[in-house]
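A.B. asks: Next comes structure10.cif, mmCIF, C-alpha atoms:
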data_upload
#
loop_
_atom_site.label_atom_id
_atom_site.label_comp_id
_atom_site.auth_asym_id
_atom_site.auth_seq_id
_atom_site.Cartn_x
_atom_site.Cartn_y
_atom_site.Cartn_z
CA MET A 29 -48.03 -55.28 37.16
CA GLU A 30 -51.27 -56.55 38.68
CA LYS A 31 -52.01 -60.24 38.22
CA VAL A 32 -54.90 -62.70 38.51
CA VAL A 33 -54.50 -66.11 40.11
CA LEU A 34 -55.74 -69.00 37.96
CA ASN A 35 -57.54 -72.12 39.16
CA ASN A 36 -54.26 -74.04 38.89
CA LYS A 37 -52.49 -71.40 41.07
CA LEU A 38 -50.50 -69.85 38.21
CA GLU A 39 -50.52 -66.07 37.90
CA CYS A 40 -51.27 -64.08 34.76
CA PRO A 41 -50.79 -60.33 34.16
CA VAL A 42 -54.06 -58.40 33.91
CA ILE A 43 -53.13 -56.61 30.70
CA GLY A 44 -51.24 -57.77 27.64
CA ILE A 45 -50.56 -56.98 24.02
CA GLY A 46 -52.83 -58.59 21.45
CA THR A 47 -51.61 -59.33 17.92
CA PHE A 48 -54.87 -60.00 16.04
CA MET A 49 -54.77 -58.56 12.50
CA LEU A 50 -51.12 -57.53 12.84
CA SER A 51 -48.76 -58.37 9.99
CA PRO A 52 -45.64 -60.32 10.98
CA ALA A 53 -43.55 -57.13 10.81
CA ASP A 54 -46.02 -55.18 12.95
CA ALA A 55 -46.43 -58.05 15.42
CA GLU A 56 -42.68 -58.37 15.85
CA ASN A 57 -42.32 -54.64 16.48
CA SER A 58 -45.33 -54.39 18.81
CA VAL A 59 -44.24 -57.36 20.93
CA ARG A 60 -40.66 -56.14 21.21
CA GLU A 61 -41.65 -52.60 22.19
CA ALA A 62 -44.45 -53.71 24.53
CA LEU A 63 -42.10 -55.98 26.46
CA LYS A 64 -39.58 -53.16 26.77
CA MET A 65 -42.35 -50.96 28.22
CA GLY A 66 -43.24 -53.48 30.89
CA TYR A 67 -45.89 -55.70 29.32
CA ARG A 68 -45.50 -59.33 30.29
CA LEU A 69 -48.52 -60.95 28.57
CA ILE A 70 -48.56 -61.61 24.82
CA ASP A 71 -51.50 -63.10 22.91
CA THR A 72 -51.33 -64.59 19.43
CA ALA A 73 -52.82 -67.54 17.50
CA ASN A 74 -52.15 -69.99 14.68
CA ALA A 75 -54.75 -68.12 12.63
CA TYR A 76 -53.03 -64.75 13.01
CA VAL A 77 -50.08 -66.18 11.03
CA ASN A 78 -47.59 -64.16 13.07
CA GLU A 79 -46.34 -66.67 15.67
CA ARG A 80 -42.80 -66.68 14.29
CA ALA A 81 -42.81 -62.87 14.38
CA VAL A 82 -44.01 -62.92 17.99
CA GLY A 83 -41.16 -65.27 18.84
CA ARG A 84 -38.68 -62.90 17.20
CA GLY A 85 -40.12 -59.96 19.12
CA ILE A 86 -39.69 -61.84 22.39
CA LYS A 87 -36.04 -62.58 21.68
CA GLU A 88 -35.30 -59.03 20.52
CA SER A 89 -36.86 -57.50 23.64
CA GLY A 90 -34.14 -58.84 25.92
CA VAL A 91 -36.78 -59.90 28.47
CA SER A 92 -36.22 -63.39 29.84
CA ARG A 93 -38.69 -66.06 28.74
CA GLU A 94 -39.54 -66.86 32.37
CA GLU A 95 -40.93 -63.36 32.89
CA ILE A 96 -43.35 -63.62 29.96
CA PHE A 97 -46.85 -65.12 29.92
CA LEU A 98 -47.29 -66.30 26.33
CA SER A 99 -50.74 -67.18 24.99
CA THR A 100 -51.64 -68.71 21.63
CA LYS A 101 -54.42 -70.77 20.05
CA LEU A 102 -54.82 -73.90 17.94
CA TRP A 103 -56.92 -73.38 14.82
CA PRO A 104 -59.63 -76.01 14.02
CA SER A 105 -57.59 -77.41 11.11
CA GLU A 106 -54.95 -78.40 13.67
CA TYR A 107 -57.22 -80.15 16.18
CA GLU A 108 -56.56 -83.61 14.71
CA ASN A 109 -52.91 -82.91 13.88
CA ALA A 110 -50.96 -84.89 16.47
CA ASN A 111 -47.97 -82.58 15.97
CA ALA A 112 -49.91 -79.31 16.29
CA VAL A 113 -48.59 -78.36 19.71
CA ASP A 114 -44.95 -79.16 18.83
CA GLU A 115 -45.27 -77.23 15.58
CA THR A 116 -46.70 -74.25 17.46
CA LEU A 117 -43.79 -74.37 19.91
CA GLU A 118 -41.37 -74.47 16.98
CA ARG A 119 -42.93 -71.44 15.30
CA LEU A 120 -42.81 -69.45 18.53
CA GLY A 121 -39.27 -70.60 19.27
CA VAL A 122 -40.07 -71.59 22.85
CA ASP A 123 -39.97 -74.72 24.99
CA TYR A 124 -43.39 -74.22 26.55
CA ILE A 125 -46.53 -72.12 26.18
CA ASP A 126 -48.08 -70.47 29.22
CA LEU A 127 -51.64 -70.62 27.86
CA LEU A 128 -52.89 -72.61 24.87
CA TYR A 129 -56.48 -72.29 23.64
CA ILE A 130 -58.62 -74.07 21.12
CA HIS A 131 -59.71 -71.14 18.99
CA GLN A 132 -63.23 -71.99 17.81
CA PRO A 133 -65.89 -74.65 18.55
CA ALA A 134 -65.54 -75.92 14.98
CA GLY A 135 -64.60 -79.24 13.46
CA ASN A 136 -63.54 -81.94 15.91
CA TRP A 137 -63.07 -79.49 18.75
CA LEU A 138 -63.09 -82.25 21.36
CA ALA A 139 -59.98 -83.72 19.73
CA GLY A 140 -58.46 -80.27 20.01
CA TYR A 141 -59.30 -80.07 23.69
CA ARG A 142 -57.80 -83.51 24.28
CA GLN A 143 -54.60 -82.20 22.67
CA LEU A 144 -54.56 -79.35 25.21
CA GLU A 145 -55.06 -81.74 28.10
CA LYS A 146 -52.27 -84.01 26.85
CA ALA A 147 -49.87 -81.08 26.38
CA TYR A 148 -50.77 -79.81 29.85
CA LYS A 149 -49.92 -83.17 31.42
CA GLU A 150 -46.63 -83.26 29.48
CA GLY A 151 -45.65 -79.77 30.66
CA LYS A 152 -45.63 -78.31 27.15
CA VAL A 153 -48.35 -75.88 28.20
CA LYS A 154 -48.80 -74.41 31.68
CA SER A 155 -52.52 -73.63 31.35
CA ILE A 156 -55.29 -74.29 28.85
CA GLY A 157 -58.18 -72.29 27.51
CA ILE A 158 -61.20 -72.14 25.24
CA SER A 159 -61.88 -69.28 22.85
CA ASN A 160 -65.39 -68.33 21.67
CA PHE A 161 -66.99 -71.26 23.53
CA GLU A 162 -70.28 -69.77 24.66
CA GLY A 163 -73.79 -71.15 25.16
CA LYS A 164 -74.26 -74.75 24.10
CA TYR A 165 -70.56 -75.23 23.44
CA ILE A 166 -69.33 -74.59 26.97
CA GLU A 167 -72.33 -76.48 28.31
CA GLU A 168 -71.27 -79.56 26.32
CA LEU A 169 -67.61 -79.16 27.17
CA GLN A 170 -68.42 -79.24 30.90
CA THR A 171 -69.59 -82.82 30.47
CA LYS A 172 -66.41 -83.89 28.65
CA TRP A 173 -63.40 -82.12 30.08
CA GLU A 174 -60.92 -83.97 32.22
CA ILE A 175 -59.03 -80.81 33.10
CA ILE A 176 -61.03 -77.65 33.74
CA PRO A 177 -59.74 -74.79 31.57
CA GLN A 178 -58.04 -71.85 33.23
CA PHE A 179 -59.27 -69.26 30.70
CA ILE A 180 -61.96 -68.43 28.22
CA GLN A 181 -61.42 -65.71 25.61
CA VAL A 182 -64.58 -64.00 24.34
CA GLU A 183 -65.91 -60.65 23.18
CA THR A 184 -66.43 -58.53 26.28
CA HIS A 185 -66.88 -54.80 26.86
CA PRO A 186 -69.22 -52.48 28.82
CA TYR A 187 -71.98 -52.94 26.20
CA PHE A 188 -71.67 -56.74 26.52
CA THR A 189 -70.47 -57.92 29.91
CA GLN A 190 -71.06 -61.68 29.40
CA GLU A 191 -73.26 -61.82 32.50
CA GLU A 192 -74.76 -65.24 31.74
CA LEU A 193 -71.44 -66.82 30.77
CA ARG A 194 -69.82 -65.51 33.94
CA LYS A 195 -72.19 -67.61 36.06
CA ILE A 196 -70.53 -70.73 34.61
CA LEU A 197 -67.05 -69.24 34.85
CA ASP A 198 -67.49 -68.35 38.52
CA LYS A 199 -68.57 -71.92 39.27
CA TYR A 200 -65.23 -73.28 38.04
CA ASP A 201 -63.03 -70.22 38.68
CA ILE A 202 -62.32 -69.86 34.97
CA LYS A 203 -60.86 -66.45 34.13
CA LEU A 204 -62.13 -64.34 31.26
CA MET A 205 -59.81 -62.72 28.72
CA SER A 206 -61.54 -59.92 26.79
CA TRP A 207 -61.28 -59.33 23.08
CA TYR A 208 -62.88 -56.28 21.45
CA PRO A 209 -62.38 -54.71 24.89
CA LEU A 210 -63.17 -51.24 23.48
CA GLY A 211 -66.22 -52.43 21.57
CA HIS A 212 -64.32 -52.81 18.29
CA GLY A 213 -63.40 -49.13 18.57
CA ASP A 214 -67.05 -48.05 18.56
CA ASN A 215 -67.05 -44.29 19.14
CA SER A 216 -70.51 -44.42 20.74
CA LEU A 217 -69.09 -46.62 23.51
CA ILE A 218 -65.84 -44.70 23.95
CA SER A 219 -67.74 -41.40 23.99
CA GLU A 220 -70.26 -42.46 26.64
CA PRO A 221 -70.59 -39.55 29.11
CA ILE A 222 -69.57 -41.73 32.07
CA PHE A 223 -66.19 -42.48 30.47
CA VAL A 224 -65.61 -38.87 29.44
CA GLU A 225 -66.47 -37.74 32.99
CA LEU A 226 -64.24 -40.33 34.66
CA GLY A 227 -61.44 -39.59 32.21
CA LYS A 228 -61.44 -35.97 33.33
CA LYS A 229 -61.57 -37.00 37.00
CA TYR A 230 -58.59 -39.37 36.78
CA GLY A 231 -56.59 -37.63 34.06
CA LYS A 232 -57.10 -40.54 31.67
CA THR A 233 -58.62 -41.14 28.25
CA SER A 234 -62.01 -42.80 27.91
CA ALA A 235 -60.26 -45.87 26.51
CA GLN A 236 -58.01 -46.09 29.56
CA VAL A 237 -61.04 -45.90 31.84
CA ILE A 238 -62.70 -48.75 29.92
CA LEU A 239 -59.57 -50.89 30.15
CA ARG A 240 -59.43 -50.20 33.90
CA TRP A 241 -63.07 -51.31 34.15
CA HIS A 242 -62.11 -54.65 32.59
CA ILE A 243 -59.41 -55.22 35.16
CA GLN A 244 -61.66 -54.34 38.10
CA MET A 245 -64.29 -56.72 36.70
CA GLY A 246 -61.66 -59.44 37.13
CA PHE A 247 -61.02 -59.75 33.40
CA VAL A 248 -57.67 -59.95 31.65
CA VAL A 249 -57.52 -57.57 28.71
CA ILE A 250 -55.41 -57.73 25.52
CA PRO A 251 -55.82 -54.59 23.40
CA GLY A 252 -53.84 -54.82 20.19
CA SER A 253 -52.09 -52.05 18.33
CA LYS A 254 -49.18 -51.40 15.98
CA ASN A 255 -48.97 -47.81 17.26
CA VAL A 256 -46.28 -47.62 19.93
CA ASP A 257 -47.92 -44.59 21.58
CA HIS A 258 -51.24 -46.44 21.88
CA ILE A 259 -49.48 -49.49 23.30
CA LYS A 260 -47.88 -47.26 25.92
CA ASP A 261 -51.17 -45.54 26.77
CA ASN A 262 -52.97 -48.87 27.14
CA LEU A 263 -50.51 -49.91 29.83
CA ASP A 264 -50.97 -46.67 31.76
CA ILE A 265 -54.02 -47.89 33.71
CA LEU A 266 -52.41 -49.33 36.81
CA ASP A 267 -52.25 -46.14 38.88
CA PHE A 268 -55.93 -45.48 39.62
CA ASN A 269 -59.04 -47.33 40.80
CA LEU A 270 -62.69 -46.81 39.93
CA THR A 271 -65.01 -46.63 42.93
CA ASP A 272 -67.78 -49.15 43.56
CA ASP A 273 -70.32 -46.48 42.63
CA GLU A 274 -68.51 -45.77 39.36
CA MET A 275 -68.35 -49.48 38.54
CA GLN A 276 -72.09 -49.72 39.20
CA LYS A 277 -72.84 -46.82 36.85
CA ILE A 278 -70.77 -48.45 34.11
CA SER A 279 -72.64 -51.73 34.61
CA GLU A 280 -75.85 -49.94 33.63
CA LEU A 281 -74.49 -49.52 30.08
CA ASP A 282 -74.80 -53.25 29.38
CA LYS A 283 -77.21 -53.72 26.47
CA GLU A 284 -76.01 -57.18 25.35
CA LYS A 285 -74.65 -55.61 22.17
CA ARG A 286 -72.18 -57.74 20.23
CA TYR A 287 -69.98 -56.55 17.40
CA TYR A 288 -69.10 -60.04 16.19
CA HIS A 289 -71.84 -62.43 15.10
CA ARG A 290 -70.65 -65.91 14.17
CA THR A 291 -72.85 -68.27 12.17
CA ASP A 292 -72.91 -72.07 11.93
CA GLU A 293 -71.85 -71.66 8.30
CA GLN A 294 -68.76 -69.76 9.42
CA LEU A 295 -67.89 -72.54 11.86
CA MET A 296 -67.97 -75.01 8.97
CA GLN A 297 -65.71 -72.70 6.97
CA PHE A 298 -63.30 -72.40 9.90
CA ALA A 299 -62.98 -76.18 10.03
CA GLY A 300 -62.03 -76.30 6.36
CA TRP A 301 -59.51 -73.44 6.32
CA LYS A 302 -55.83 -74.02 7.06
CA PRO A 303 -53.51 -71.09 7.78
CA GLU A 304 -50.54 -70.53 5.49
CA PHE A 305 -47.99 -70.29 8.26
CA GLU A 306 -45.13 -67.83 8.05
CA LYS A 307 -41.97 -69.62 6.95
#
Go ahead and render the structure in this file as structure tokens.

C.D. replies:
Amino acid sequence: MEKVVLNNKLECPVIGIGTFMLSPADAENSVREALKMGYRLIDTANAYVNERAVGRGIKESGVSREEIFLSTKLWPSEYENANAVDETLERLGVDYIDLLYIHQPAGNWLAGYRQLEKAYKEGKVKSIGISNFEGKYIEELQTKWEIIPQFIQVETHPYFTQEELRKILDKYDIKLMSWYPLGHGDNSLISEPIFVELGKKYGKTSAQVILRWHIQMGFVVIPGSKNVDHIKDNLDILDFNLTDDEMQKISELDKEKRYYHRTDEQLMQFAGWKPEFEK
């Protein structure tokens, strides 16, 4: 497994299993099978309402906790809950979290970030992150953080490479974790001639070529699936390298096209919604 080195010297696998939109049963199965295949990074969140299932999948896999890089996120309704981190640990059934994010720049997000910093100092989390903090939000956070985050999680793919955001990330050596890495499954992206051509050259699918592009861009990628065959295929990207010329050709696809458009109204709704956690 290839890894990236974080700004606090920890290492994180370059590819993991995401659990967004997976039911508890599917999340449990996907995590268990992914770990058995060789995955060592798992990403979940309070809002996915499958943290307990992820914890069960970890235990059922037989892989030791120390080998796993576990990532989750606090939802805005938990930012001012002084017990949010401990409750998250309890749901996951673990003693520490490798990476804890605040999920959205909604509500009292600074209180949420202070929770991350406190948990980091206490050893309850090994690294901290921000999710969906772009533009004015990361600009404001730079003036208020005590501990620089190790990760940001944002929409990223060849149609939207986050070029402007990466200028800030490079300044602080903050790593980027990609969601919607395949452009939300957009067939126009996956069917781009460059990916079809490179797939034939390397004996890979277009999706595998795109995931490899993420890794060579320095991103960590977390494709999610409940299909065991897809999970296996997504991991099969560690045995080839795209050339500099191929990476350059892919970079020319960037059209700043997003698939997710968040509004200020949605941020207000996020702050008022509380997940019904799995019992």

A.B. asks: Evaluate the PyMOL selection byres ((chain A and resi 259) around 10) against this structure - the residues, as a PDB file with C-alpha atoms, in the coordinates of the input, please.

C.D. replies:
ATOM      1  CA  GLY A  44     -51.240 -57.770  27.640  1.00  0.00           C
ATOM      2  CA  ILE A  45     -50.560 -56.980  24.020  1.00  0.00           C
ATOM      3  CA  GLY A  46     -52.830 -58.590  21.450  1.00  0.00           C
ATOM      4  CA  SER A  58     -45.330 -54.390  18.810  1.00  0.00           C
ATOM      5  CA  VAL A  59     -44.240 -57.360  20.930  1.00  0.00           C
ATOM      6  CA  GLU A  61     -41.650 -52.600  22.190  1.00  0.00           C
ATOM      7  CA  ALA A  62     -44.450 -53.710  24.530  1.00  0.00           C
ATOM      8  CA  MET A  65     -42.350 -50.960  28.220  1.00  0.00           C
ATOM      9  CA  TYR A  67     -45.890 -55.700  29.320  1.00  0.00           C
ATOM     10  CA  PRO A 251     -55.820 -54.590  23.400  1.00  0.00           C
ATOM     11  CA  GLY A 252     -53.840 -54.820  20.190  1.00  0.00           C
ATOM     12  CA  SER A 253     -52.090 -52.050  18.330  1.00  0.00           C
ATOM     13  CA  LYS A 254     -49.180 -51.400  15.980  1.00  0.00           C
ATOM     14  CA  ASN A 255     -48.970 -47.810  17.260  1.00  0.00           C
ATOM     15  CA  VAL A 256     -46.280 -47.620  19.930  1.00  0.00           C
ATOM     16  CA  ASP A 257     -47.920 -44.590  21.580  1.00  0.00           C
ATOM     17  CA  HIS A 258     -51.240 -46.440  21.880  1.00  0.00           C
ATOM     18  CA  LYS A 260     -47.880 -47.260  25.920  1.00  0.00           C
ATOM     19  CA  ASP A 261     -51.170 -45.540  26.770  1.00  0.00           C
ATOM     20  CA  ASN A 262     -52.970 -48.870  27.140  1.00  0.00           C
ATOM     21  CA  LEU A 263     -50.510 -49.910  29.830  1.00  0.00           C
ATOM     22  CA  ASP A 264     -50.970 -46.670  31.760  1.00  0.00           C
TER      23      ASP A 264
END

A.B. asks: If the PyMOL selection byres ((chain A and resi 200-206) around 6) is run on the structure shown, which residues does it catch, given as a list in words?

C.D. replies: Asn35, Gln178, Phe179, Ile180, Gln181, Val182, Glu183, Thr184, Leu197, Asp198, Lys199, Trp207, Pro209, Phe247, Val248 and Val249 of chain A

A.B. asks: What do you get, as an MDAnalysis selection string, if you spell out every residue that the PyMOL selection byres ((chain A and resi 212-215) around 10) selects here?

C.D. replies: chainID A and resid 183 185 207:211 216:220 235 286:288

A.B. asks: Set the distance at 6 Å and use only C-alpha atoms: which residues neighbour range 133-137 of chain A once local chain neighbours fewer than 4 positions away are removed? I'd like the list as a PyMOL selection string.

C.D. replies: chain A and resi 104+295+299

A.B. asks: Go through A:Lys146, A:Arg84, A:Lys101, A:Arg93 and flag the residue nearest Phe48 in chain A, using all atoms listed in the file for the distances.

C.D. replies: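 Result for the nearest residue to Phe48 in chain A: A:Lys101.
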
A.B. asks: Pick from A:Asp282, A:Glu118, A:Glu106, A:Asp54: nearest to Gly140 in chain A, with all atoms listed in the file counted?

C.D. replies: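 Using all atoms listed in the file, the shortest distance to Gly140 in chain A belongs to A:Glu106.
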
A.B. asks: Which is closest to Leu98 in chain A among A:Leu34, A:Val122, A:Leu127, A:Ala81, if we use all atoms listed in the file?

C.D. replies: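 That would be A:Leu127, the residue with the smallest distance to Leu98 in chain A.
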
A.B. asks: Do you have the CA of Ile243 in chain A-CA of Ala73 in chain A distance handy?

C.D. replies: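 Separation between CA of Ile243 in chain A and CA of Ala73 in chain A: 22.5 Å.
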
A.B. asks: What gap, in Å, lies between CA of Asp71 in chain A and CA of Asn160 in chain A?

C.D. replies: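 We find that CA of Asp71 in chain A and CA of Asn160 in chain A lie 14.9 Å from each other.
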
A.B. asks: Can you pull out the residues contacting Tyr129 in chain A? Cut-off 7 Å, using only C-alpha atoms, and skip same-chain residues under 2 positions away; I want them as a list in words.

C.D. replies: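 The neighbour list is Thr100, Lys101, Leu102, Leu127, His131, Ile156, Gly157, Ile158 and Ser159 of chain A.
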
A.B. asks: Atoms to include: C-alpha atoms. Write the selected residues as a PDB file, keeping the file's coordinate frame.

C.D. replies:
ATOM      1  CA  THR A 100     -51.640 -68.710  21.630  1.00  0.00           C
ATOM      2  CA  LYS A 101     -54.420 -70.770  20.050  1.00  0.00           C
ATOM      3  CA  LEU A 102     -54.820 -73.900  17.940  1.00  0.00           C
ATOM      4  CA  LEU A 127     -51.640 -70.620  27.860  1.00  0.00           C
ATOM      5  CA  HIS A 131     -59.710 -71.140  18.990  1.00  0.00           C
ATOM      6  CA  ILE A 156     -55.290 -74.290  28.850  1.00  0.00           C
ATOM      7  CA  GLY A 157     -58.180 -72.290  27.510  1.00  0.00           C
ATOM      8  CA  ILE A 158     -61.200 -72.140  25.240  1.00  0.00           C
ATOM      9  CA  SER A 159     -61.880 -69.280  22.850  1.00  0.00           C
TER      10      SER A 159
END

A.B. asks: For CA of Leu138 in chain A and CA of Glu168 in chain A, quote the distance in Å rounded to one decimal.

C.D. replies: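 Rounded to one decimal, the two atoms are 9.9 Å apart.
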
A.B. asks: Return the single residue from A:Glu108, A:Glu280, A:Glu293, A:Glu79 that is closest to Phe305 in chain A, with distances computed using all atoms listed in the file.

C.D. replies: A:Glu79

A.B. asks: Counting only C-alpha atoms, what is within 8 Å of Lys154 in chain A, bar same-chain residues fewer than 3 positions away, as a list in words?

C.D. replies: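 Once the adjacent positions are removed, what remains is Tyr124, Ile125, Asp126, Leu127, Tyr148 and Gly151 of chain A.
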
A.B. asks: Padding of 5 Å on every side, edges along x, y and z, all listed atoms of range 39-52 of chain A included: what centre and edge lengths in Å, to one decimal, does that box have, as AutoDock Vina command-line options?

C.D. replies:
--center_x -50.3 --center_y -61.3 --center_z 23.9 --size_x 19.2 --size_y 19.5 --size_z 37.9

A.B. asks: Near Leu38 in chain A, within 9 Å and counting all atoms listed in the file, which residues show up once chain neighbours fewer than 5 positions away are dropped, as a PDB file with C-alpha atoms, in the frame of the given file?

C.D. replies:
ATOM      1  CA  VAL A  32     -54.900 -62.700  38.510  1.00  0.00           C
ATOM      2  CA  VAL A  33     -54.500 -66.110  40.110  1.00  0.00           C
ATOM      3  CA  LYS A 154     -48.800 -74.410  31.680  1.00  0.00           C
ATOM      4  CA  SER A 155     -52.520 -73.630  31.350  1.00  0.00           C
TER       5      SER A 155
END

A.B. asks: Taking all atoms listed in the file into account, name the residue in A:Ile250, A:Leu128, A:Leu281, A:Leu193 that is nearest to Phe223 in chain A.

C.D. replies: A:Leu281

A.B. asks: Would you pick out the contacts of Thr271 in chain A at 12 Å or less, using all atoms listed in the file, so that residues sharing its chain but fewer than 4 positions from it are not included, and give the list as number ranges by chain?

C.D. replies: A: 226, 229-230, 237, 240-241, 244-245, 275-278
